[in-house]
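Content type mmCIF, C-alpha atoms, from the file query.cif:
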data_query
loop_
_atom_site.group_PDB
_atom_site.id
_atom_site.type_symbol
_atom_site.label_atom_id
_atom_site.label_comp_id
_atom_site.auth_asym_id
_atom_site.auth_seq_id
_atom_site.Cartn_x
_atom_site.Cartn_y
_atom_site.Cartn_z
ATOM 1 C CA MET R 1343 -111.658 -110.122 -222.999
ATOM 2 C CA THR R 1344 -114.103 -107.254 -222.525
ATOM 3 C CA ARG R 1345 -117.180 -108.693 -220.795
ATOM 4 C CA VAL R 1346 -116.732 -109.005 -217.022
ATOM 5 C CA GLY R 1347 -119.331 -109.965 -214.416
ATOM 6 C CA ILE R 1348 -119.104 -109.023 -210.738
ATOM 7 C CA ILE R 1349 -121.074 -110.959 -208.125
ATOM 8 C CA GLY R 1350 -121.110 -109.210 -204.746
ATOM 9 C CA LEU R 1351 -121.219 -105.420 -204.496
ATOM 10 C CA GLY R 1352 -119.952 -104.806 -201.007
ATOM 11 C CA MET R 1353 -117.418 -102.006 -200.626
ATOM 12 C CA LEU R 1354 -114.665 -103.898 -202.474
ATOM 13 C CA GLY R 1355 -116.785 -105.431 -205.246
ATOM 14 C CA ASN R 1356 -118.475 -102.102 -205.951
ATOM 15 C CA ALA R 1357 -115.128 -100.288 -206.234
ATOM 16 C CA VAL R 1358 -113.704 -102.966 -208.573
ATOM 17 C CA ALA R 1359 -116.806 -102.756 -210.771
ATOM 18 C CA LEU R 1360 -116.654 -98.951 -210.958
ATOM 19 C CA HIS R 1361 -112.979 -99.037 -211.910
ATOM 20 C CA LEU R 1362 -113.562 -101.606 -214.661
ATOM 21 C CA LEU R 1363 -116.405 -99.480 -216.028
ATOM 22 C CA ASP R 1364 -114.103 -96.443 -216.066
ATOM 23 C CA SER R 1365 -111.528 -98.601 -217.875
ATOM 24 C CA GLY R 1366 -113.885 -99.412 -220.744
ATOM 25 C CA PHE R 1367 -115.028 -102.934 -219.872
ATOM 26 C CA GLU R 1368 -118.592 -104.145 -220.346
ATOM 27 C CA VAL R 1369 -119.604 -104.922 -216.764
ATOM 28 C CA THR R 1370 -122.627 -106.884 -215.564
ATOM 29 C CA VAL R 1371 -123.312 -106.925 -211.828
ATOM 30 C CA TYR R 1372 -125.373 -108.959 -209.396
ATOM 31 C CA ASN R 1373 -126.064 -108.477 -205.706
ATOM 32 C CA ARG R 1374 -128.769 -110.023 -203.558
ATOM 33 C CA THR R 1375 -129.580 -106.549 -202.169
ATOM 34 C CA LYS R 1376 -130.498 -104.742 -205.383
ATOM 35 C CA GLU R 1377 -130.024 -101.270 -203.872
ATOM 36 C CA LYS R 1378 -126.274 -101.912 -203.898
ATOM 37 C CA THR R 1379 -126.307 -102.069 -207.707
ATOM 38 C CA ILE R 1380 -127.558 -98.486 -208.154
ATOM 39 C CA GLN R 1381 -124.168 -96.765 -208.327
ATOM 40 C CA THR R 1382 -122.748 -99.178 -210.897
ATOM 41 C CA LYS R 1383 -125.952 -99.056 -212.953
ATOM 42 C CA GLU R 1384 -125.702 -95.262 -213.125
ATOM 43 C CA LYS R 1385 -122.139 -95.729 -214.432
ATOM 44 C CA GLY R 1386 -123.328 -98.003 -217.219
ATOM 45 C CA ALA R 1387 -123.287 -101.513 -215.763
ATOM 46 C CA LYS R 1388 -125.963 -104.031 -216.704
ATOM 47 C CA VAL R 1389 -127.777 -105.415 -213.657
ATOM 48 C CA ALA R 1390 -128.433 -109.162 -213.719
ATOM 49 C CA THR R 1391 -131.212 -110.907 -211.821
ATOM 50 C CA SER R 1392 -129.141 -114.004 -210.974
ATOM 51 C CA PRO R 1393 -125.596 -115.436 -211.004
ATOM 52 C CA LYS R 1394 -126.782 -117.567 -213.949
ATOM 53 C CA GLU R 1395 -127.479 -114.409 -215.968
ATOM 54 C CA ILE R 1396 -124.088 -112.993 -214.985
ATOM 55 C CA ALA R 1397 -122.375 -116.102 -216.347
ATOM 56 C CA GLU R 1398 -124.385 -116.047 -219.579
ATOM 57 C CA ASN R 1399 -123.298 -112.454 -220.282
ATOM 58 C CA SER R 1400 -119.649 -112.619 -219.179
ATOM 59 C CA GLU R 1401 -116.345 -114.116 -220.261
ATOM 60 C CA LEU R 1402 -114.926 -113.641 -216.757
ATOM 61 C CA VAL R 1403 -117.036 -113.772 -213.586
ATOM 62 C CA ILE R 1404 -115.439 -112.265 -210.474
ATOM 63 C CA ILE R 1405 -116.914 -113.361 -207.140
ATOM 64 C CA VAL R 1406 -116.546 -111.007 -204.153
ATOM 65 C CA VAL R 1407 -118.721 -112.437 -201.363
ATOM 66 C CA LYS R 1408 -118.534 -113.043 -197.629
ATOM 67 C CA ASP R 1409 -117.371 -116.639 -197.265
ATOM 68 C CA ALA R 1410 -117.056 -120.097 -198.838
ATOM 69 C CA ASN R 1411 -120.722 -120.938 -198.225
ATOM 70 C CA ALA R 1412 -121.756 -117.832 -200.161
ATOM 71 C CA VAL R 1413 -119.350 -118.774 -202.988
ATOM 72 C CA LYS R 1414 -120.899 -122.246 -203.196
ATOM 73 C CA GLU R 1415 -124.432 -120.888 -203.079
ATOM 74 C CA ILE R 1416 -124.043 -118.464 -205.990
ATOM 75 C CA SER R 1417 -121.977 -121.007 -207.937
ATOM 76 C CA PHE R 1418 -123.860 -124.296 -207.669
ATOM 77 C CA GLU R 1419 -127.383 -123.743 -206.365
ATOM 78 C CA LYS R 1420 -130.518 -122.803 -208.364
ATOM 79 C CA ASP R 1421 -129.822 -120.063 -210.940
ATOM 80 C CA GLY R 1422 -126.142 -120.320 -210.037
ATOM 81 C CA ILE R 1423 -123.120 -119.686 -212.219
ATOM 82 C CA ILE R 1424 -122.948 -123.258 -213.537
ATOM 83 C CA GLU R 1425 -126.437 -122.912 -215.051
ATOM 84 C CA GLY R 1426 -125.147 -120.092 -217.242
ATOM 85 C CA LYS R 1427 -121.940 -121.826 -218.337
ATOM 86 C CA HIS R 1428 -120.574 -121.489 -221.852
ATOM 87 C CA GLU R 1429 -117.353 -122.421 -223.634
ATOM 88 C CA LYS R 1430 -115.428 -119.191 -222.887
ATOM 89 C CA LEU R 1431 -116.437 -118.827 -219.223
ATOM 90 C CA ILE R 1432 -113.774 -118.396 -216.516
ATOM 91 C CA VAL R 1433 -114.589 -117.801 -212.831
ATOM 92 C CA ALA R 1434 -112.282 -115.924 -210.455
ATOM 93 C CA ASP R 1435 -112.898 -115.787 -206.703
ATOM 94 C CA MET R 1436 -111.763 -112.616 -204.911
ATOM 95 C CA SER R 1437 -113.398 -113.630 -201.619
ATOM 96 C CA THR R 1438 -111.234 -114.534 -198.610
ATOM 97 C CA ILE R 1439 -111.852 -118.225 -197.918
ATOM 98 C CA ASP R 1440 -110.105 -121.302 -196.548
ATOM 99 C CA PRO R 1441 -107.578 -122.725 -199.053
ATOM 100 C CA SER R 1442 -109.016 -126.237 -198.723
ATOM 101 C CA GLU R 1443 -112.505 -124.890 -199.489
ATOM 102 C CA SER R 1444 -111.071 -123.105 -202.520
ATOM 103 C CA LYS R 1445 -109.581 -126.351 -203.842
ATOM 104 C CA ASN R 1446 -112.886 -128.188 -203.389
ATOM 105 C CA ILE R 1447 -114.815 -125.412 -205.143
ATOM 106 C CA SER R 1448 -112.322 -125.468 -208.025
ATOM 107 C CA LYS R 1449 -112.774 -129.244 -208.381
ATOM 108 C CA LYS R 1450 -116.552 -128.807 -208.423
ATOM 109 C CA PHE R 1451 -116.308 -126.197 -211.190
ATOM 110 C CA GLN R 1452 -113.992 -128.531 -213.125
ATOM 111 C CA GLU R 1453 -116.784 -131.116 -213.179
ATOM 112 C CA TYR R 1454 -118.661 -128.614 -215.377
ATOM 113 C CA ASN R 1455 -115.551 -127.872 -217.490
ATOM 114 C CA ILE R 1456 -115.213 -124.419 -215.942
ATOM 115 C CA HIS R 1457 -111.807 -123.162 -214.795
ATOM 116 C CA LYS R 1458 -111.849 -121.284 -211.479
ATOM 117 C CA LEU R 1459 -109.029 -119.004 -210.378
ATOM 118 C CA ASP R 1460 -108.274 -117.641 -206.913
ATOM 119 C CA ILE R 1461 -107.640 -113.872 -206.981
ATOM 120 C CA PRO R 1462 -107.747 -112.489 -203.394
ATOM 121 C CA VAL R 1463 -106.389 -108.966 -203.078
ATOM 122 C CA MET R 1464 -104.747 -106.653 -200.587
ATOM 123 C CA GLY R 1465 -106.059 -103.110 -200.309
ATOM 124 C CA GLY R 1466 -109.528 -101.728 -199.681
ATOM 125 C CA PRO R 1467 -112.094 -99.920 -201.815
ATOM 126 C CA ASN R 1468 -110.080 -96.708 -201.526
ATOM 127 C CA VAL R 1469 -107.342 -98.243 -203.706
ATOM 128 C CA ALA R 1470 -109.588 -100.571 -205.735
ATOM 129 C CA ILE R 1471 -111.317 -97.537 -207.249
ATOM 130 C CA SER R 1472 -108.040 -96.521 -208.918
ATOM 131 C CA GLY R 1473 -106.832 -100.030 -209.787
ATOM 132 C CA ASP R 1474 -104.050 -100.054 -207.201
ATOM 133 C CA LEU R 1475 -104.772 -103.317 -205.415
ATOM 134 C CA VAL R 1476 -102.192 -106.077 -204.950
ATOM 135 C CA MET R 1477 -103.476 -109.393 -206.296
ATOM 136 C CA MET R 1478 -102.441 -112.935 -205.439
ATOM 137 C CA ALA R 1479 -103.582 -115.428 -208.074
ATOM 138 C CA SER R 1480 -103.543 -119.210 -208.360
ATOM 139 C CA GLY R 1481 -105.178 -121.934 -210.398
ATOM 140 C CA ASN R 1482 -105.018 -122.871 -214.077
ATOM 141 C CA LYS R 1483 -102.107 -120.931 -215.639
ATOM 142 C CA GLU R 1484 -103.613 -120.804 -219.128
ATOM 143 C CA SER R 1485 -106.822 -119.283 -217.736
ATOM 144 C CA PHE R 1486 -104.797 -116.822 -215.690
ATOM 145 C CA ASP R 1487 -102.849 -115.723 -218.768
ATOM 146 C CA HIS R 1488 -106.114 -115.300 -220.668
ATOM 147 C CA CYS R 1489 -107.468 -112.975 -217.947
ATOM 148 C CA LYS R 1490 -104.211 -111.214 -217.145
ATOM 149 C CA ASP R 1491 -105.127 -107.935 -218.863
ATOM 150 C CA VAL R 1492 -108.223 -107.625 -216.663
ATOM 151 C CA PHE R 1493 -106.300 -108.495 -213.511
ATOM 152 C CA GLU R 1494 -103.577 -105.955 -214.316
ATOM 153 C CA LYS R 1495 -106.277 -103.312 -214.684
ATOM 154 C CA ILE R 1496 -107.671 -104.194 -211.236
ATOM 155 C CA ALA R 1497 -104.271 -104.367 -209.488
ATOM 156 C CA ASN R 1498 -100.935 -102.613 -209.935
ATOM 157 C CA LYS R 1499 -99.124 -105.778 -208.822
ATOM 158 C CA VAL R 1500 -100.265 -109.293 -209.706
ATOM 159 C CA PHE R 1501 -98.497 -112.381 -208.332
ATOM 160 C CA PHE R 1502 -99.240 -115.778 -209.883
ATOM 161 C CA LEU R 1503 -98.496 -118.322 -207.153
ATOM 162 C CA GLY R 1504 -99.296 -121.737 -208.571
ATOM 163 C CA GLU R 1505 -101.979 -124.341 -207.975
ATOM 164 C CA SER R 1506 -105.489 -123.761 -206.666
ATOM 165 C CA GLY R 1507 -105.718 -122.675 -203.025
ATOM 166 C CA VAL R 1508 -102.219 -121.203 -202.750
ATOM 167 C CA ALA R 1509 -103.341 -117.596 -203.216
ATOM 168 C CA HIS R 1510 -105.852 -117.945 -200.396
ATOM 169 C CA SER R 1511 -103.123 -119.283 -198.077
ATOM 170 C CA VAL R 1512 -101.024 -116.194 -198.756
ATOM 171 C CA LYS R 1513 -104.055 -113.920 -198.361
ATOM 172 C CA LEU R 1514 -104.742 -115.386 -194.909
ATOM 173 C CA ALA R 1515 -101.083 -114.882 -193.966
ATOM 174 C CA MET R 1516 -101.357 -111.249 -195.089
ATOM 175 C CA ASN R 1517 -104.518 -110.629 -193.083
ATOM 176 C CA LEU R 1518 -102.769 -112.202 -190.102
ATOM 177 C CA GLN R 1519 -100.202 -109.383 -190.361
ATOM 178 C CA ILE R 1520 -102.970 -106.769 -190.455
ATOM 179 C CA THR R 1521 -104.579 -108.306 -187.373
ATOM 180 C CA MET R 1522 -101.378 -108.219 -185.343
ATOM 181 C CA LEU R 1523 -100.375 -104.716 -186.460
ATOM 182 C CA ALA R 1524 -103.754 -103.282 -185.459
ATOM 183 C CA LEU R 1525 -103.506 -104.935 -182.047
ATOM 184 C CA ALA R 1526 -99.872 -103.904 -181.510
ATOM 185 C CA LEU R 1527 -100.616 -100.261 -182.340
ATOM 186 C CA SER R 1528 -103.732 -100.296 -180.146
ATOM 187 C CA GLU R 1529 -101.834 -101.635 -177.155
ATOM 188 C CA GLY R 1530 -98.807 -99.394 -177.757
ATOM 189 C CA ILE R 1531 -100.977 -96.260 -177.964
ATOM 190 C CA THR R 1532 -102.906 -97.305 -174.843
ATOM 191 C CA LEU R 1533 -99.669 -97.964 -172.934
ATOM 192 C CA VAL R 1534 -98.156 -94.546 -173.642
ATOM 193 C CA GLU R 1535 -101.423 -92.690 -173.048
ATOM 194 C CA LYS R 1536 -101.738 -94.315 -169.615
ATOM 195 C CA SER R 1537 -98.120 -93.227 -168.998
ATOM 196 C CA ASN R 1538 -99.106 -89.590 -169.727
ATOM 197 C CA VAL R 1539 -97.139 -89.554 -172.985
ATOM 198 C CA ASP R 1540 -98.553 -87.974 -176.143
ATOM 199 C CA PRO R 1541 -99.195 -90.991 -178.432
ATOM 200 C CA LYS R 1542 -98.228 -88.884 -181.454
ATOM 201 C CA ILE R 1543 -94.700 -88.768 -180.015
ATOM 202 C CA PHE R 1544 -94.786 -92.560 -179.782
ATOM 203 C CA LEU R 1545 -95.782 -92.750 -183.461
ATOM 204 C CA GLU R 1546 -93.128 -90.241 -184.489
ATOM 205 C CA ILE R 1547 -90.464 -92.368 -182.808
ATOM 206 C CA LEU R 1548 -91.890 -95.610 -184.182
ATOM 207 C CA ASN R 1549 -92.005 -94.184 -187.695
ATOM 208 C CA SER R 1550 -88.365 -93.124 -187.397
ATOM 209 C CA THR R 1551 -87.332 -96.751 -187.047
ATOM 210 C CA TYR R 1552 -87.122 -99.986 -189.003
ATOM 211 C CA PHE R 1553 -90.389 -101.064 -187.354
ATOM 212 C CA LYS R 1554 -92.648 -98.521 -189.050
ATOM 213 C CA THR R 1555 -95.498 -99.748 -191.268
ATOM 214 C CA GLY R 1556 -98.033 -98.193 -193.594
ATOM 215 C CA MET R 1557 -100.556 -98.579 -190.795
ATOM 216 C CA SER R 1558 -98.370 -96.772 -188.254
ATOM 217 C CA GLU R 1559 -97.722 -93.960 -190.741
ATOM 218 C CA LYS R 1560 -101.359 -93.468 -191.738
ATOM 219 C CA LYS R 1561 -104.236 -95.140 -189.911
ATOM 220 C CA ALA R 1562 -102.596 -94.967 -186.484
ATOM 221 C CA TYR R 1563 -103.093 -91.190 -186.287
ATOM 222 C CA ASN R 1564 -106.816 -91.641 -186.847
ATOM 223 C CA MET R 1565 -106.827 -94.368 -184.192
ATOM 224 C CA ILE R 1566 -105.496 -91.834 -181.676
ATOM 225 C CA GLU R 1567 -108.307 -89.419 -182.546
ATOM 226 C CA GLY R 1568 -111.025 -92.068 -182.686
ATOM 227 C CA LYS R 1569 -111.671 -91.499 -186.397
ATOM 228 C CA TYR R 1570 -112.466 -94.590 -188.415
ATOM 229 C CA ASP R 1571 -112.939 -94.316 -192.175
ATOM 230 C CA THR R 1572 -114.299 -97.820 -192.590
ATOM 231 C CA THR R 1573 -112.676 -99.698 -195.471
ATOM 232 C CA PHE R 1574 -112.839 -103.148 -193.847
ATOM 233 C CA THR R 1575 -115.000 -103.766 -190.808
ATOM 234 C CA LEU R 1576 -113.797 -105.286 -187.575
ATOM 235 C CA ALA R 1577 -116.464 -108.003 -187.974
ATOM 236 C CA ASN R 1578 -115.143 -108.898 -191.435
ATOM 237 C CA LEU R 1579 -111.597 -109.180 -190.129
ATOM 238 C CA LYS R 1580 -112.863 -111.399 -187.308
ATOM 239 C CA LYS R 1581 -114.436 -113.638 -189.970
ATOM 240 C CA ASP R 1582 -111.050 -113.893 -191.687
ATOM 241 C CA ILE R 1583 -109.302 -114.574 -188.372
ATOM 242 C CA SER R 1584 -111.635 -117.518 -187.802
ATOM 243 C CA THR R 1585 -110.763 -118.738 -191.312
ATOM 244 C CA MET R 1586 -107.072 -118.519 -190.332
ATOM 245 C CA THR R 1587 -107.558 -120.598 -187.197
ATOM 246 C CA GLY R 1588 -109.597 -123.132 -189.188
ATOM 247 C CA ALA R 1589 -106.901 -123.364 -191.845
ATOM 248 C CA ALA R 1590 -104.221 -123.819 -189.169
ATOM 249 C CA LYS R 1591 -106.206 -126.664 -187.651
ATOM 250 C CA SER R 1592 -106.612 -128.410 -191.007
ATOM 251 C CA LEU R 1593 -102.857 -128.045 -191.635
ATOM 252 C CA GLY R 1594 -102.049 -129.458 -188.195
ATOM 253 C CA ILE R 1595 -100.118 -126.357 -187.068
ATOM 254 C CA GLU R 1596 -100.289 -124.146 -183.981
ATOM 255 C CA LEU R 1597 -100.668 -120.362 -184.412
ATOM 256 C CA PRO R 1598 -101.103 -119.308 -180.779
ATOM 257 C CA MET R 1599 -101.181 -115.533 -181.323
ATOM 258 C CA ILE R 1600 -103.916 -115.549 -183.961
ATOM 259 C CA LYS R 1601 -105.960 -117.846 -181.716
ATOM 260 C CA LYS R 1602 -105.696 -115.242 -178.955
ATOM 261 C CA ALA R 1603 -106.514 -112.462 -181.425
ATOM 262 C CA GLU R 1604 -109.683 -114.335 -182.419
ATOM 263 C CA GLU R 1605 -110.805 -114.181 -178.800
ATOM 264 C CA VAL R 1606 -110.025 -110.439 -178.540
ATOM 265 C CA TYR R 1607 -111.900 -109.573 -181.740
ATOM 266 C CA GLU R 1608 -114.860 -111.731 -180.728
ATOM 267 C CA ASN R 1609 -115.083 -109.844 -177.431
ATOM 268 C CA ALA R 1610 -114.856 -106.514 -179.289
ATOM 269 C CA ILE R 1611 -117.812 -107.509 -181.461
ATOM 270 C CA ARG R 1612 -119.814 -108.427 -178.357
ATOM 271 C CA GLU R 1613 -119.091 -104.930 -177.039
ATOM 272 C CA GLY R 1614 -120.605 -103.401 -180.185
ATOM 273 C CA PHE R 1615 -117.507 -102.517 -182.237
ATOM 274 C CA GLY R 1616 -118.103 -104.918 -185.139
ATOM 275 C CA GLU R 1617 -119.228 -102.431 -187.781
ATOM 276 C CA ILE R 1618 -116.429 -99.886 -187.423
ATOM 277 C CA ASP R 1619 -113.089 -100.178 -189.212
ATOM 278 C CA TYR R 1620 -110.886 -103.012 -187.963
ATOM 279 C CA THR R 1621 -108.463 -100.429 -186.498
ATOM 280 C CA GLY R 1622 -111.298 -99.613 -184.106
ATOM 281 C CA ILE R 1623 -110.043 -102.581 -182.070
ATOM 282 C CA ILE R 1624 -108.319 -99.814 -180.092
ATOM 283 C CA GLU R 1625 -111.761 -98.801 -178.776
ATOM 284 C CA TYR R 1626 -112.137 -102.232 -177.222
ATOM 285 C CA ILE R 1627 -108.634 -102.043 -175.714
ATOM 286 C CA LYS R 1628 -109.535 -98.641 -174.235
ATOM 287 C CA LYS R 1629 -112.829 -99.962 -172.919
ATOM 288 C CA ILE R 1630 -111.323 -102.865 -170.999
ATOM 289 C CA ASN R 1631 -108.855 -100.397 -169.446
ATOM 290 C CA GLU R 1632 -111.481 -97.971 -168.160
ATOM 291 C CA PRO R 1633 -111.528 -97.543 -164.368
ATOM 292 C CA LYS R 1634 -113.828 -100.094 -162.788
#
Written as structure tokens, that's how I'd like the structure from this file.
Amino acid sequence: MTRVGIIGLGMLGNAVALHLLDSGFEVTVYNRTKEKTIQTKEKGAKVATSPKEIAENSELVIIVVKDANAVKEISFEKDGIIEGKHEKLIVADMSTIDPSESKNISKKFQEYNIHKLDIPVMGGPNVAISGDLVMMASGNKESFDHCKDVFEKIANKVFFLGESGVAHSVKLAMNLQITMLALALSEGITLVEKSNVDPKIFLEILNSTYFKTGMSEKKAYNMIEGKYDTTFTLANLKKDISTMTGAAKSLGIELPMIKKAEEVYENAIREGFGEIDYTGIIEYIKKINEPK
């Protein structure tokens, strides 16, 4: 498999496309905002005018868009992927969507004899550019095996998890961890600062214990200094949090902390913090603790 199409050139999709180009794949790209295709075009990508054209020119189409509605739009509406179907076509969705939506989309593709895989990933564009993502995959095993060489070029760890929808469940559980870690660090830093303690001392102690994380060892220091190298916006994480609460509801389970986090992130967006990195949630925590 050498011909790969990428639909959606946000920060993640663009980085994946650039890495595949560097790795010798023939890459065709599509994005509604054509300006976002410039960097990949300069690297040698073909630029398609529609998802249909992407499908016609690719053996594997990777979707990296905002939500399930966007996936359905580029897949099934006019000039969508299904209009460019051919015998060898496989579709893989890297977007973060509700597992039940993923299953329904897979069934819809199956009506057109197209196998769809779920391939959400952990890691931002800063690791996608070097092929160091962690991928969770689910769907048709034969199709997965056929695409495995591409997936192992995109990610340094690839986990095949079973039937359609499962990978998206795990992805939501992973983003739940990110949500809580960002909030815990924000509140911990705020607590020690208000106690006249250098927050770097707090991090040094934290990172000397079992409770340290990659976030506490790296991004937390930038959080203290108010520096946010945006790899995943606060607004995008809020979108995923809402997907988590929706998935919990459909499963009939209670996740009280993520429900509260949804409220906190929604308030942060209202205060104008939506387009900074998700670790910028600390700015909202600081704001609500300013003297009245």
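Comparing the minimum interatomic distances between Thr1573 in chain R and each of R:Ala1509, R:Ala1410, R:Ile1424, R:Ala1470, counting only C-alpha atoms, we find that R:Ala1470 sits nearest.
The coordinates place CA of Asp1364 in chain R at 27.7 Å from CA of Ala1412 in chain R.
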Nearest candidate to Ala1526 in chain R (options R:Ile1623, R:Pro1441, R:Ser1392, R:Lys1430; using all atoms listed in the file):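 Using all atoms listed in the file, Ala1526 in chain R sits closest to R:Ile1623.
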Residue members of the PyMOL selection byres ((chain R and resi 1447-1454) around 12) in the file shown, as a ChimeraX atom specification: /R:1410-1418,1422-1429,1431-1435,1439-1446,1455-1460,1480-1482,1505-1507
Gap from CA of Leu1548 in chain R to CA of Lys1569 in chain R - Å, one decimal: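 The value is 20.3 Å.
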File contents for range 1496-1510 of chain R with N, CA and C atoms as a PDB file, in the first residue's frame:
ATOM      1  N   ILE R1496       2.949   5.702  11.034  1.00  0.00           N
ATOM      2  CA  ILE R1496       2.333   6.860  11.700  1.00  0.00           C
ATOM      3  C   ILE R1496       2.603   6.835  13.205  1.00  0.00           C
ATOM      4  N   ALA R1497       2.571   5.641  13.797  1.00  0.00           N
ATOM      5  CA  ALA R1497       2.658   5.497  15.262  1.00  0.00           C
ATOM      6  C   ALA R1497       3.759   4.523  15.649  1.00  0.00           C
ATOM      7  N   ASN R1498       4.398   4.784  16.794  1.00  0.00           N
ATOM      8  CA  ASN R1498       5.431   3.842  17.256  1.00  0.00           C
ATOM      9  C   ASN R1498       4.842   2.707  18.086  1.00  0.00           C
ATOM     10  N   LYS R1499       3.570   2.852  18.478  1.00  0.00           N
ATOM     11  CA  LYS R1499       2.840   1.761  19.125  1.00  0.00           C
ATOM     12  C   LYS R1499       1.443   1.718  18.524  1.00  0.00           C
ATOM     13  N   VAL R1500       1.023   0.532  18.104  1.00  0.00           N
ATOM     14  CA  VAL R1500      -0.302   0.350  17.520  1.00  0.00           C
ATOM     15  C   VAL R1500      -0.991  -0.793  18.253  1.00  0.00           C
ATOM     16  N   PHE R1501      -2.164  -0.513  18.819  1.00  0.00           N
ATOM     17  CA  PHE R1501      -2.931  -1.517  19.558  1.00  0.00           C
ATOM     18  C   PHE R1501      -4.201  -1.852  18.784  1.00  0.00           C
ATOM     19  N   PHE R1502      -4.345  -3.103  18.342  1.00  0.00           N
ATOM     20  CA  PHE R1502      -5.606  -3.518  17.731  1.00  0.00           C
ATOM     21  C   PHE R1502      -6.518  -4.029  18.839  1.00  0.00           C
ATOM     22  N   LEU R1503      -7.723  -3.449  18.945  1.00  0.00           N
ATOM     23  CA  LEU R1503      -8.565  -3.667  20.118  1.00  0.00           C
ATOM     24  C   LEU R1503      -9.850  -4.446  19.858  1.00  0.00           C
ATOM     25  N   GLY R1504     -10.121  -4.764  18.589  1.00  0.00           N
ATOM     26  CA  GLY R1504     -11.321  -5.563  18.350  1.00  0.00           C
ATOM     27  C   GLY R1504     -12.331  -4.894  17.448  1.00  0.00           C
ATOM     28  N   GLU R1505     -13.603  -5.074  17.752  1.00  0.00           N
ATOM     29  CA  GLU R1505     -14.684  -4.663  16.859  1.00  0.00           C
ATOM     30  C   GLU R1505     -14.824  -3.151  16.778  1.00  0.00           C
ATOM     31  N   SER R1506     -15.545  -2.713  15.772  1.00  0.00           N
ATOM     32  CA  SER R1506     -15.766  -1.289  15.511  1.00  0.00           C
ATOM     33  C   SER R1506     -16.279  -0.558  16.751  1.00  0.00           C
ATOM     34  N   GLY R1507     -15.750   0.619  16.993  1.00  0.00           N
ATOM     35  CA  GLY R1507     -16.172   1.458  18.114  1.00  0.00           C
ATOM     36  C   GLY R1507     -15.305   1.350  19.339  1.00  0.00           C
ATOM     37  N   VAL R1508     -14.629   0.196  19.519  1.00  0.00           N
ATOM     38  CA  VAL R1508     -13.851  -0.029  20.737  1.00  0.00           C
ATOM     39  C   VAL R1508     -12.710   0.975  20.870  1.00  0.00           C
ATOM     40  N   ALA R1509     -12.017   1.243  19.771  1.00  0.00           N
ATOM     41  CA  ALA R1509     -10.879   2.170  19.832  1.00  0.00           C
ATOM     42  C   ALA R1509     -11.314   3.554  20.271  1.00  0.00           C
ATOM     43  N   HIS R1510     -12.503   3.971  19.832  1.00  0.00           N
ATOM     44  CA  HIS R1510     -12.990   5.295  20.224  1.00  0.00           C
ATOM     45  C   HIS R1510     -13.366   5.339  21.710  1.00  0.00           C
TER      46      HIS R1510
END
